[in-house]
$ cat entry.cif   # mmCIF, C-alpha atoms
data_query
#
loop_
_atom_site.label_atom_id
_atom_site.label_comp_id
_atom_site.auth_asym_id
_atom_site.auth_seq_id
_atom_site.Cartn_x
_atom_site.Cartn_y
_atom_site.Cartn_z
CA MET A 113 63.02 28.73 -17.99
CA SER A 114 65.74 27.10 -15.94
CA VAL A 115 69.39 27.34 -16.84
CA GLY A 116 71.24 24.06 -17.12
CA THR A 117 74.50 23.37 -15.29
CA SER A 118 77.34 20.94 -15.76
CA SER A 119 80.25 19.97 -13.61
CA ALA A 120 83.63 21.18 -14.87
CA PRO A 121 87.03 19.74 -13.89
CA GLY A 122 87.85 20.83 -10.36
CA GLY A 123 84.28 20.52 -9.12
CA ARG A 124 82.98 23.99 -10.03
CA ASP A 125 79.64 24.39 -11.80
CA VAL A 126 79.58 25.89 -15.25
CA ARG A 127 76.27 27.44 -16.30
CA ARG A 128 75.05 26.76 -19.82
CA PRO A 129 72.82 29.19 -21.68
CA PRO A 130 69.28 27.94 -22.10
CA GLU A 131 68.46 26.13 -25.30
CA PRO A 132 66.32 28.37 -27.53
CA ARG A 133 62.71 27.41 -28.24
CA TYR A 134 60.77 28.67 -31.17
CA ASP A 135 57.00 28.77 -31.31
CA ASP A 136 56.69 30.85 -34.46
CA PRO A 137 58.41 30.24 -37.82
CA ALA A 138 59.13 33.98 -37.99
CA GLU A 139 61.42 33.60 -34.97
CA LEU A 140 63.56 31.28 -37.10
CA GLY A 141 63.65 33.77 -39.94
CA ILE A 142 61.25 31.67 -42.03
CA ASP A 143 58.56 33.34 -44.08
CA PRO A 144 55.29 31.46 -43.37
CA ASP A 145 54.46 31.72 -47.07
CA GLU A 146 57.50 29.51 -47.78
CA LEU A 147 56.01 26.59 -45.84
CA PRO A 148 54.51 23.77 -47.93
CA ASP A 149 51.55 23.25 -45.59
CA GLY A 150 48.85 25.65 -44.56
CA LEU A 151 49.68 27.57 -41.36
CA VAL A 152 47.09 29.38 -39.26
CA VAL A 153 48.12 30.97 -35.94
CA ALA A 154 45.75 32.48 -33.38
CA ASP A 155 46.87 34.62 -30.41
CA GLU A 156 45.89 34.29 -26.74
CA HIS A 157 42.53 35.91 -27.49
CA GLY A 158 41.72 33.47 -30.28
CA ARG A 159 42.27 36.03 -33.05
CA VAL A 160 44.02 34.96 -36.23
CA ILE A 161 47.44 36.61 -36.56
CA CYS A 162 48.91 34.43 -39.34
CA PHE A 163 47.28 32.89 -42.41
CA ASN A 164 49.90 31.86 -44.96
CA SER A 165 49.57 31.45 -48.73
CA ALA A 166 49.22 27.63 -48.50
CA ALA A 167 46.28 28.12 -46.12
CA GLU A 168 44.76 30.52 -48.66
CA ARG A 169 45.15 27.92 -51.40
CA ILE A 170 43.70 25.08 -49.33
CA THR A 171 40.73 27.01 -47.92
CA ALA A 172 40.13 29.28 -50.96
CA VAL A 173 39.94 32.23 -48.53
CA ALA A 174 42.12 35.35 -48.73
CA ALA A 175 44.29 36.11 -45.70
CA GLN A 176 43.14 39.73 -45.58
CA ASP A 177 39.58 38.53 -45.04
CA VAL A 178 40.36 36.46 -41.93
CA LEU A 179 43.26 38.20 -40.15
CA GLY A 180 41.95 39.56 -36.86
CA GLN A 181 38.89 37.31 -36.86
CA ARG A 182 38.19 34.67 -34.27
CA LEU A 183 39.72 31.31 -35.14
CA ASP A 184 36.39 29.48 -35.22
CA LYS A 185 34.98 32.05 -37.67
CA ALA A 186 38.07 32.24 -39.86
CA LEU A 187 38.43 28.46 -40.00
CA PRO A 188 34.94 26.96 -39.55
CA LEU A 189 35.90 23.31 -39.43
CA GLU A 190 33.52 20.41 -38.87
CA ASP A 191 34.22 16.75 -38.25
CA LEU A 192 32.88 14.05 -40.55
CA GLU A 193 29.70 13.86 -38.46
CA GLY A 194 28.92 17.55 -38.94
CA ARG A 195 29.95 18.75 -35.45
CA ARG A 196 31.77 22.08 -35.09
CA TRP A 197 35.38 21.26 -34.41
CA TRP A 198 36.41 24.21 -32.26
CA GLN A 199 33.40 23.77 -29.98
CA LEU A 200 34.35 20.11 -29.51
CA THR A 201 38.04 20.71 -28.78
CA ASP A 202 37.75 24.09 -26.96
CA PRO A 203 41.49 24.85 -27.13
CA TYR A 204 41.35 27.92 -24.83
CA GLY A 205 39.02 26.55 -22.19
CA GLY A 206 39.62 22.82 -22.31
CA LEU A 207 41.99 20.62 -20.34
CA ALA A 208 45.02 22.58 -19.19
CA ILE A 209 47.35 19.64 -19.80
CA ARG A 210 46.61 19.37 -23.53
CA VAL A 211 49.33 20.55 -25.86
CA ARG A 212 48.20 19.27 -29.25
CA GLN A 213 45.52 17.80 -31.44
CA PRO A 214 46.67 14.87 -33.61
CA GLU A 215 46.10 15.01 -37.35
CA ARG A 216 42.65 14.06 -38.53
CA ASN A 217 40.28 14.57 -41.45
CA LEU A 218 37.96 17.57 -41.11
CA LEU A 219 35.63 19.42 -43.45
CA LEU A 220 35.73 23.00 -44.69
CA PRO A 221 32.55 24.80 -45.74
CA GLY A 222 31.29 23.18 -48.92
CA GLY A 223 32.40 19.71 -47.77
CA ARG A 224 36.03 19.92 -48.85
CA GLU A 225 38.16 17.53 -46.80
CA VAL A 226 41.47 18.63 -45.24
CA LEU A 227 43.99 17.14 -42.83
CA VAL A 228 44.23 19.26 -39.67
CA SER A 229 46.58 19.13 -36.70
CA ALA A 230 47.05 21.72 -33.97
CA ARG A 231 49.44 22.66 -31.21
CA TYR A 232 48.57 24.63 -28.10
CA VAL A 233 51.45 26.87 -27.03
CA ARG A 234 51.49 27.60 -23.30
CA THR A 235 53.90 29.76 -21.27
CA GLU A 236 54.05 26.98 -18.65
CA PRO A 237 52.91 23.34 -18.64
CA THR A 238 49.38 24.01 -17.30
CA GLY A 239 49.20 27.73 -18.00
CA PRO A 240 46.80 29.51 -20.33
CA VAL A 241 47.08 29.02 -24.06
CA ARG A 242 49.24 31.74 -25.58
CA ARG A 243 48.85 30.64 -29.19
CA VAL A 244 47.09 27.99 -31.23
CA VAL A 245 49.12 26.84 -34.22
CA VAL A 246 47.10 24.97 -36.84
CA SER A 247 48.54 22.98 -39.74
CA LEU A 248 46.42 22.31 -42.84
CA ARG A 249 47.21 19.78 -45.52
CA ASP A 250 45.36 19.05 -48.73
CA THR A 251 44.08 15.48 -48.96
CA GLU A 252 44.34 15.22 -52.75
CA ALA A 253 47.76 13.50 -52.71
CA ARG A 254 46.53 11.00 -50.11
CA ARG A 255 43.36 10.41 -52.12
CA ARG A 256 45.44 9.68 -55.22
CA THR A 257 47.47 7.17 -53.24
CA GLU A 258 44.33 5.54 -51.86
CA ARG A 259 42.79 5.37 -55.34
CA SER A 260 45.99 3.83 -56.66
CA HIS A 261 45.96 1.19 -53.92
CA ALA A 262 42.29 0.46 -54.54
CA GLU A 263 42.92 0.13 -58.26
CA LEU A 264 45.86 -2.19 -57.58
CA ILE A 265 43.69 -4.41 -55.39
CA ALA A 266 40.92 -4.48 -58.01
CA THR A 267 43.40 -5.31 -60.77
CA VAL A 268 45.01 -8.10 -58.77
CA ALA A 269 41.63 -9.56 -57.84
CA HIS A 270 40.54 -9.51 -61.48
CA GLU A 271 43.79 -11.03 -62.76
CA LEU A 272 43.82 -13.75 -60.10
CA ARG A 273 40.18 -14.76 -60.58
CA SER A 274 40.56 -16.16 -64.09
CA PRO A 275 43.56 -18.50 -63.60
CA LEU A 276 42.42 -19.63 -60.15
CA THR A 277 38.96 -20.45 -61.52
CA SER A 278 40.60 -22.47 -64.27
CA VAL A 279 42.91 -24.30 -61.83
CA LYS A 280 40.03 -25.08 -59.48
CA GLY A 281 37.76 -26.25 -62.31
CA PHE A 282 40.26 -28.56 -64.00
CA THR A 283 41.60 -30.09 -60.78
CA ALA A 284 38.08 -30.73 -59.46
CA THR A 285 37.09 -32.32 -62.77
CA LEU A 286 40.19 -34.53 -62.86
CA LEU A 287 39.69 -35.67 -59.26
CA ALA A 288 36.04 -36.50 -59.83
CA LYS A 289 36.28 -38.16 -63.24
CA TRP A 290 39.89 -39.26 -63.65
CA GLU A 291 39.06 -42.62 -65.22
CA ARG A 292 36.82 -41.11 -67.89
CA PHE A 293 39.56 -39.06 -69.59
CA THR A 294 42.16 -40.23 -72.06
CA ASP A 295 45.83 -39.57 -71.42
CA ASP A 296 45.82 -36.78 -74.02
CA GLN A 297 42.85 -35.08 -72.34
CA LYS A 298 44.53 -35.34 -68.94
CA ARG A 299 47.75 -33.90 -70.36
CA LEU A 300 45.88 -30.95 -71.92
CA MET A 301 44.10 -30.11 -68.68
CA LEU A 302 47.30 -30.41 -66.63
CA GLU A 303 49.17 -28.19 -69.09
CA THR A 304 46.41 -25.59 -68.73
CA VAL A 305 46.66 -25.78 -64.94
CA ASP A 306 50.44 -25.41 -65.17
CA ALA A 307 50.15 -22.34 -67.44
CA ASP A 308 47.59 -20.70 -65.15
CA ALA A 309 49.77 -21.40 -62.11
CA ASP A 310 52.60 -19.62 -63.94
CA ARG A 311 50.30 -16.61 -64.45
CA VAL A 312 49.55 -16.46 -60.74
CA THR A 313 53.24 -16.77 -59.86
CA ARG A 314 54.12 -14.01 -62.32
CA LEU A 315 51.48 -11.69 -60.88
CA ILE A 316 52.67 -12.27 -57.31
CA ALA A 317 56.24 -11.54 -58.43
CA GLU A 318 55.04 -8.26 -59.99
CA LEU A 319 53.32 -7.27 -56.75
CA LEU A 320 56.48 -7.98 -54.75
CA ASP A 321 58.52 -5.91 -57.21
CA ILE A 322 56.09 -3.00 -56.91
CA SER A 323 56.26 -3.17 -53.11
CA ARG A 324 60.07 -3.10 -53.17
CA ILE A 325 60.18 -0.28 -55.75
CA ASP A 326 57.71 1.88 -53.82
CA SER A 327 59.60 1.37 -50.55
CA GLY A 328 63.05 1.80 -52.11
CA ARG A 329 64.08 -1.75 -51.14
CA LEU A 330 64.65 -3.23 -54.60
CA GLU A 331 67.95 -5.07 -54.31
CA VAL A 332 70.38 -5.15 -57.24
CA ARG A 333 72.90 -8.02 -57.19
CA ARG A 334 75.51 -6.96 -59.72
CA GLN A 335 77.38 -9.48 -61.85
CA PRO A 336 79.08 -9.28 -65.25
CA VAL A 337 76.33 -9.24 -67.88
CA ASP A 338 76.72 -9.90 -71.60
CA ILE A 339 73.78 -7.76 -72.70
CA GLY A 340 74.07 -8.81 -76.36
CA ALA A 341 73.88 -12.49 -75.47
CA ALA A 342 70.93 -11.81 -73.15
CA VAL A 343 68.99 -10.16 -75.98
CA GLY A 344 69.90 -13.07 -78.29
CA ARG A 345 68.44 -15.59 -75.83
CA HIS A 346 65.11 -13.78 -75.79
CA ILE A 347 64.97 -13.71 -79.58
CA GLN A 348 65.80 -17.43 -79.77
CA ALA A 349 62.97 -18.18 -77.32
CA TYR A 350 60.44 -16.40 -79.56
CA VAL A 351 61.76 -18.20 -82.64
CA ALA A 352 61.52 -21.55 -80.83
CA ALA A 353 57.91 -20.65 -79.94
CA GLY A 354 57.06 -20.31 -83.62
CA LEU A 355 57.79 -16.69 -84.57
CA SER A 356 59.80 -16.10 -87.72
CA ALA A 357 63.44 -15.15 -87.22
CA ASP A 358 62.84 -12.40 -89.79
CA ARG A 359 60.60 -10.66 -87.27
CA PHE A 360 63.71 -9.61 -85.29
CA LEU A 361 66.78 -7.53 -86.10
CA LEU A 362 69.59 -7.44 -83.54
CA ARG A 363 72.39 -4.93 -84.01
CA ILE A 364 75.30 -4.80 -81.57
CA GLU A 365 77.91 -2.06 -81.80
CA GLN A 366 81.30 -3.21 -80.59
CA PRO A 367 83.22 -2.78 -78.40
CA LEU A 368 80.78 -2.61 -75.51
CA PRO A 369 82.00 -1.60 -72.05
CA ALA A 370 82.01 -4.26 -69.35
CA LEU A 371 78.57 -4.11 -67.75
CA TRP A 372 77.86 -5.04 -64.14
CA ALA A 373 74.18 -5.48 -63.43
CA ASP A 374 71.64 -7.88 -61.95
CA PRO A 375 71.20 -10.48 -64.74
CA ASP A 376 67.76 -11.64 -63.60
CA LYS A 377 66.38 -8.13 -63.43
CA ILE A 378 67.91 -7.14 -66.77
CA ASP A 379 66.27 -10.24 -68.27
CA GLN A 380 63.00 -9.00 -66.79
CA VAL A 381 63.44 -5.60 -68.46
CA LEU A 382 64.34 -7.14 -71.83
CA SER A 383 61.48 -9.64 -71.64
CA ASN A 384 58.94 -6.91 -71.00
CA LEU A 385 60.16 -4.53 -73.70
CA ILE A 386 60.53 -7.20 -76.39
CA GLU A 387 57.18 -8.79 -75.50
CA ASN A 388 55.49 -5.38 -75.77
CA ALA A 389 57.05 -4.82 -79.19
CA VAL A 390 55.94 -8.27 -80.40
CA ARG A 391 52.46 -8.16 -78.90
CA HIS A 392 51.48 -4.52 -79.50
CA GLY A 393 53.72 -3.58 -82.42
CA GLU A 394 53.97 -4.65 -86.03
CA GLY A 395 56.66 -5.35 -88.58
CA THR A 396 60.29 -5.90 -87.61
CA VAL A 397 61.30 -5.62 -83.96
CA THR A 398 64.73 -3.97 -83.91
CA ILE A 399 67.03 -4.18 -80.90
CA ASP A 400 70.12 -1.96 -80.90
CA VAL A 401 72.83 -2.44 -78.28
CA THR A 402 75.35 0.39 -78.24
CA PRO A 403 78.01 1.89 -76.00
CA THR A 404 77.11 5.34 -74.74
CA THR A 405 77.99 8.00 -72.22
CA SER A 406 76.55 7.46 -68.77
CA PRO A 407 73.11 8.90 -68.02
CA ARG A 408 74.52 10.26 -64.77
CA GLU A 409 76.96 13.13 -64.90
CA GLY A 410 80.47 12.35 -63.73
CA GLU A 411 80.26 8.57 -64.23
CA ASP A 412 81.94 6.25 -66.70
CA ALA A 413 80.51 5.08 -70.00
CA GLY A 414 77.47 2.87 -70.10
CA THR A 415 75.43 0.64 -72.40
CA SER A 416 72.19 1.52 -74.16
CA VAL A 417 69.53 -0.87 -75.43
CA THR A 418 66.87 0.39 -77.83
CA VAL A 419 63.80 -1.71 -78.68
CA SER A 420 61.62 -0.42 -81.52
CA ASP A 421 58.89 -1.71 -83.80
CA GLU A 422 57.02 -0.59 -86.91
CA GLY A 423 53.49 -0.44 -85.54
CA THR A 424 51.25 2.56 -84.93
CA GLY A 425 53.31 3.66 -81.94
CA ILE A 426 52.14 5.38 -78.78
CA PRO A 427 49.93 8.49 -79.05
CA GLU A 428 51.76 11.68 -78.13
CA GLU A 429 49.30 12.49 -75.35
CA SER A 430 50.04 9.12 -73.69
CA MET A 431 53.83 9.41 -73.68
CA ASN A 432 53.99 10.89 -70.18
CA ARG A 433 51.85 8.05 -68.73
CA VAL A 434 53.65 5.07 -70.21
CA PHE A 435 55.68 4.29 -67.07
CA THR A 436 52.83 4.80 -64.60
CA ARG A 437 50.83 2.01 -62.98
CA PHE A 438 48.03 0.41 -64.97
CA TRP A 439 48.90 2.06 -68.28
CA ARG A 440 47.97 -0.22 -71.16
CA GLY A 441 48.91 0.44 -74.76
CA SER A 442 45.95 -1.57 -76.01
CA LYS A 443 43.08 -3.72 -74.79
CA ARG A 444 44.99 -6.94 -75.27
CA GLY A 445 45.14 -7.88 -71.62
CA GLY A 446 47.93 -7.55 -69.10
CA THR A 447 48.00 -5.84 -65.72
CA GLY A 448 49.51 -2.57 -66.89
CA LEU A 449 52.27 -2.93 -64.28
CA GLY A 450 55.14 -4.14 -66.48
CA LEU A 451 56.56 -0.80 -67.65
CA TYR A 452 56.23 0.66 -64.14
CA ILE A 453 58.40 -2.21 -62.88
CA VAL A 454 60.82 -1.83 -65.81
CA LYS A 455 61.38 1.83 -64.93
CA GLY A 456 61.94 0.94 -61.27
CA ILE A 457 64.52 -1.73 -62.16
CA VAL A 458 66.42 0.54 -64.55
CA GLU A 459 66.51 3.39 -62.02
CA ALA A 460 67.63 0.99 -59.26
CA HIS A 461 70.68 0.33 -61.46
CA GLY A 462 71.34 4.07 -61.71
CA GLY A 463 70.09 4.17 -65.29
CA ILE A 464 67.36 5.97 -67.20
CA ILE A 465 64.64 4.83 -69.60
CA THR A 466 62.79 6.87 -72.21
CA VAL A 467 60.02 6.32 -74.72
CA GLY A 468 59.52 7.92 -78.11
CA ARG A 469 58.61 7.32 -81.72
CA ALA A 470 60.77 4.93 -83.74
CA PRO A 471 62.10 5.85 -87.21
CA GLY A 472 59.72 3.25 -88.64
CA GLY A 473 56.76 4.89 -86.96
CA GLY A 474 56.28 2.52 -84.03
CA ALA A 475 57.19 2.78 -80.37
CA GLU A 476 60.81 3.08 -79.27
CA PHE A 477 61.99 2.29 -75.75
CA ARG A 478 65.57 3.07 -74.82
CA PHE A 479 67.27 2.35 -71.52
CA THR A 480 70.83 3.18 -70.55
CA LEU A 481 72.79 1.52 -67.76
CA PRO A 482 76.07 2.83 -66.31
CA VAL A 483 79.05 0.47 -66.03
CA SER A 484 78.72 0.48 -62.20
CA ALA A 485 81.11 -2.18 -60.89
CA PRO A 486 80.15 -3.60 -57.46
CA ALA A 487 81.33 -1.69 -54.41
CA TYR A 488 83.82 -4.38 -53.40
CA LEU A 489 85.70 -3.91 -56.71
CA THR A 490 85.88 -0.12 -56.55
#

$ encode --input "entry.cif" --output "structure tokens"
Amino acid sequence: MSVGTSSAPGGRDVRRPPEPRYDDPAELGIDPDELPDGLVVADEHGRVICFNSAAERITAVAAQDVLGQRLDKALPLEDLEGRRWWQLTDPYGGLAIRVRQPERNLLLPGGREVLVSARYVRTEPTGPVRRVVVSLRDTEARRRTERSHAELIATVAHELRSPLTSVKGFTATLLAKWERFTDDQKRLMLETVDADADRVTRLIAELLDISRIDSGRLEVRRQPVDIGAAVGRHIQAYVAAGLSADRFLLRIEQPLPALWADPDKIDQVLSNLIENAVRHGEGTVTIDVTPTTSPREGEDAGTSVTVSDEGTGIPEESMNRVFTRFWRGSKRGGTGLGLYIVKGIVEAHGGIITVGRAPGGGAEFRFTLPVSAPAYLT
């Protein structure tokens, strides 16, 4: 390995010590069993000299049974077409310029799929292979992600089909037979089209919110928010739509701290929680707005909003799945994305949200937001 030089004042060369290179985690003082991924290392003769605990877990093979064996025997991998992987790649006798194998899906005996990548450690650029370092990763987490994406696509397709079919049917009928309908019939069909267009718009907005939440790009535009007045507006909207005012009980504990939050997103949270209580719950829907300590240690006071009903509540075994994608409390429609988005919005504000059983026996959702003034005011 060459030693680097640099020019010092006065023109003389100053030699720098070579930068260290590490080919083995042990050289860094790291126990291979502490690594999260499976690690298999073979020496210059192709014999396994390292087989960490993650590799044992992924392959279901004990390290003591494979240490000292040839790599192709200890790790008999095949590609998805059934070809033996080590015969295809030939790490010790293949191209002398190769230094790695990119990650790809391979199969263990029994057909279990794993993600495998490899590095060929050479003493010099085209020299013989001194070690083969293999990384193994379980595919279960990736499979869960792929299943979640597939389920999201299926849900979106299902939810879009109904309103779009309605919009297409009514508009085609109106265009073809406009003169045959009375004004009242035309109005009814156009109102249906308008409502279905709103459903499509709402679904697209949910998808955009999920994308921003998953990527950590959900923007929060903080403004002063009167949370009590915001809850009151939602209650008034339900009463105007025909629900009895007795169905709601709003209790506000004063004084409330000044709350800075994104008013549109807080409206989205309130709308979802109150709608769930009205649609899936029974009896009186109670909304409590109270001052509280911040959910985050070391911050100022915050505001809590609790929405509860008197229905059957949420089964205990479902409590830990309430804020996941596609969870539905009943079979009364919906995408099952609302509470996942609610949790993302609350956490983007630095708050927390919990679910439990209300004193009246129904479901109780409680979210707490810190005061959190905008950065330009702090």

$ closest_residue --input "entry.cif" --among "A:Ala172, A:Val434, A:Ala342, A:Ala230" --to "Arg243 (chain A)" --atoms "all atoms listed in the file"
A:Ala230

$ closest_residue --input "entry.cif" --among "A:Leu264, A:Thr404, A:Thr171, A:Leu200" --to "Gly223 (chain A)" --atoms "only C-alpha atoms"
A:Thr171

$ closest_residue --input "entry.cif" --among "A:Trp198, A:Tyr350, A:Phe479, A:Tyr204" --to "Val401 (chain A)" --atoms "all atoms listed in the file"
A:Phe479

$ atom_distance --input "entry.cif" --atom1 "CA of Ala370 (chain A)" --atom2 "CA of Gly463 (chain A)"
15.2 Å

$ closest_atom_pairs --input "entry.cif" --of "region 140-165 of chain A" --to "region 205-208 of chain A" --cutoff "12 Å" --atoms "only C-alpha atoms" --output "CSV"
residue,atom,partner,partner_atom,distance
A:Glu156,CA,A:Gly205,CA,11.3
A:His157,CA,A:Gly205,CA,11.3
A:Gly158,CA,A:Gly205,CA,11.0

$ write_last_selection --input "entry.cif" --atoms "C-alpha atoms" --output "JSON list (two decimals), keeping the file's coordinate frame"
[["chain", "number", "residue", "atom", "x", "y", "z"],
["A", 156, "GLU", "CA", 45.89, 34.29, -26.74],
["A", 157, "HIS", "CA", 42.53, 35.91, -27.49],
["A", 158, "GLY", "CA", 41.72, 33.47, -30.28]]

$ residues_around --input "entry.cif" --residues "Thr480 (chain A)" --least-positions-apart "2" --cutoff "8 Å" --atoms "all atoms listed in the file" --output "VMD selection string"
chain A and resid 404 406 to 407 414 to 417 458 463 to 465 478 482

$ closest_residue --input "entry.cif" --among "A:Pro471, A:Lys280, A:Leu151, A:Ala317" --to "Leu302 (chain A)" --atoms "only C-alpha atoms"
A:Lys280

$ resolve_selection --input "entry.cif" --expression "the PyMOL selection byres ((chain A and resi 374-376) around 7)" --output "list in words"
Val332, Arg333, Arg334, Gln335, Val337, Ala373, Lys377, Ile378, Asp379 and Gln380 of chain A

$ atom_distance --input "entry.cif" --atom1 "CA of Ser430 (chain A)" --atom2 "CA of Glu459 (chain A)"
21.0 Å

$ closest_residue --input "entry.cif" --among "A:Pro403, A:Pro336, A:Pro240, A:Gly450" --to "Leu382 (chain A)" --atoms "all atoms listed in the file"
A:Gly450

$ residues_around --input "entry.cif" --residues "Gly456 (chain A)" --least-positions-apart "4" --cutoff "10 Å" --atoms "all atoms listed in the file" --output "MDAnalysis selection string"
chainID A and resid 321:322 324:326 328 330 381 435 450:452 460:465

$ write_last_selection --input "entry.cif" --atoms "C-alpha atoms" --output "short mmCIF file (atom, residue, chain, number, x, y, z; two decimals), in the coordinates of the input"
data_model
loop_
_atom_site.label_atom_id
_atom_site.label_comp_id
_atom_site.auth_asym_id
_atom_site.auth_seq_id
_atom_site.Cartn_x
_atom_site.Cartn_y
_atom_site.Cartn_z
CA ASP A 321 58.52 -5.91 -57.21
CA ILE A 322 56.09 -3.00 -56.91
CA ARG A 324 60.07 -3.10 -53.17
CA ILE A 325 60.18 -0.28 -55.75
CA ASP A 326 57.71 1.88 -53.82
CA GLY A 328 63.05 1.80 -52.11
CA LEU A 330 64.65 -3.23 -54.60
CA VAL A 381 63.44 -5.60 -68.46
CA PHE A 435 55.68 4.29 -67.07
CA GLY A 450 55.14 -4.14 -66.48
CA LEU A 451 56.56 -0.80 -67.65
CA TYR A 452 56.23 0.66 -64.14
CA ALA A 460 67.63 0.99 -59.26
CA HIS A 461 70.68 0.33 -61.46
CA GLY A 462 71.34 4.07 -61.71
CA GLY A 463 70.09 4.17 -65.29
CA ILE A 464 67.36 5.97 -67.20
CA ILE A 465 64.64 4.83 -69.60
#

$ atom_distance --input "entry.cif" --atom1 "CA of Glu225 (chain A)" --atom2 "CA of Ala167 (chain A)"
13.4 Å

$ closest_residue --input "entry.cif" --among "A:Leu192, A:Leu315, A:Leu385, A:Val152" --to "Ile399 (chain A)" --atoms "all atoms listed in the file"
A:Leu385

$ resolve_selection --input "entry.cif" --expression "the PyMOL selection byres ((chain A and resi 217) around 9)" --output "PyMOL selection string"
chain A and resi 191-192+215-216+218-219+225-228+251

$ residues_around --input "entry.cif" --residues "Asp421 (chain A)" --least-positions-apart "6" --cutoff "8 Å" --atoms "only C-alpha atoms" --output "ChimeraX atom specification"
/A:389-390,393-398,470,472-476

$ residues_near_point --input "entry.cif" --point "(50.9, 26.6, -31.4)" --cutoff "6 Å" --atoms "all atoms listed in the file" --output "VMD selection string"
chain A and resid 231 to 233 243 to 245

$ decode --input "entry.cif" --residues "region 421-465 of chain A" --atoms "C-alpha atoms" --output "short mmCIF file (atom, residue, chain, number, x, y, z; two decimals), in the first residue's frame"
data_model
loop_
_atom_site.label_atom_id
_atom_site.label_comp_id
_atom_site.auth_asym_id
_atom_site.auth_seq_id
_atom_site.Cartn_x
_atom_site.Cartn_y
_atom_site.Cartn_z
CA ASP A 421 -68.71 7.19 22.41
CA GLU A 422 -71.00 4.72 24.15
CA GLY A 423 -70.95 1.89 21.63
CA THR A 424 -69.45 -1.58 21.89
CA GLY A 425 -65.91 -0.22 21.63
CA ILE A 426 -62.89 -1.83 20.03
CA PRO A 427 -61.98 -5.43 20.95
CA GLU A 428 -58.89 -5.66 23.13
CA GLU A 429 -57.06 -7.84 20.61
CA SER A 430 -57.51 -5.14 17.93
CA MET A 431 -56.18 -2.22 19.95
CA ASN A 432 -52.62 -2.57 18.64
CA ARG A 433 -53.81 -2.56 14.99
CA VAL A 434 -56.10 0.46 15.08
CA PHE A 435 -53.54 2.88 13.60
CA THR A 436 -52.25 0.52 10.91
CA ARG A 437 -53.23 0.65 7.25
CA PHE A 438 -56.52 -0.93 6.21
CA TRP A 439 -57.81 -1.51 9.73
CA ARG A 440 -61.60 -1.26 9.80
CA GLY A 441 -63.66 -1.24 12.95
CA SER A 442 -66.67 -2.64 11.13
CA LYS A 443 -67.86 -3.63 7.67
CA ARG A 444 -69.49 -0.29 7.03
CA GLY A 445 -67.22 0.75 4.20
CA GLY A 446 -64.26 3.09 4.15
CA THR A 447 -60.69 2.52 3.00
CA GLY A 448 -59.24 1.77 6.42
CA LEU A 449 -56.62 4.50 5.89
CA GLY A 450 -58.11 7.30 8.00
CA LEU A 451 -56.64 6.44 11.41
CA TYR A 452 -53.24 5.70 9.86
CA ILE A 453 -53.27 9.23 8.42
CA VAL A 454 -54.53 10.69 11.72
CA LYS A 455 -51.59 9.16 13.57
CA GLY A 456 -49.16 10.49 10.97
CA ILE A 457 -50.58 14.03 11.25
CA VAL A 458 -50.50 14.04 15.05
CA GLU A 459 -46.92 12.75 15.14
CA ALA A 460 -45.86 15.31 12.51
CA HIS A 461 -46.98 17.96 15.03
CA GLY A 462 -44.82 16.33 17.71
CA GLY A 463 -47.85 14.89 19.46
CA ILE A 464 -49.10 11.44 20.40
CA ILE A 465 -52.41 9.62 19.94
#
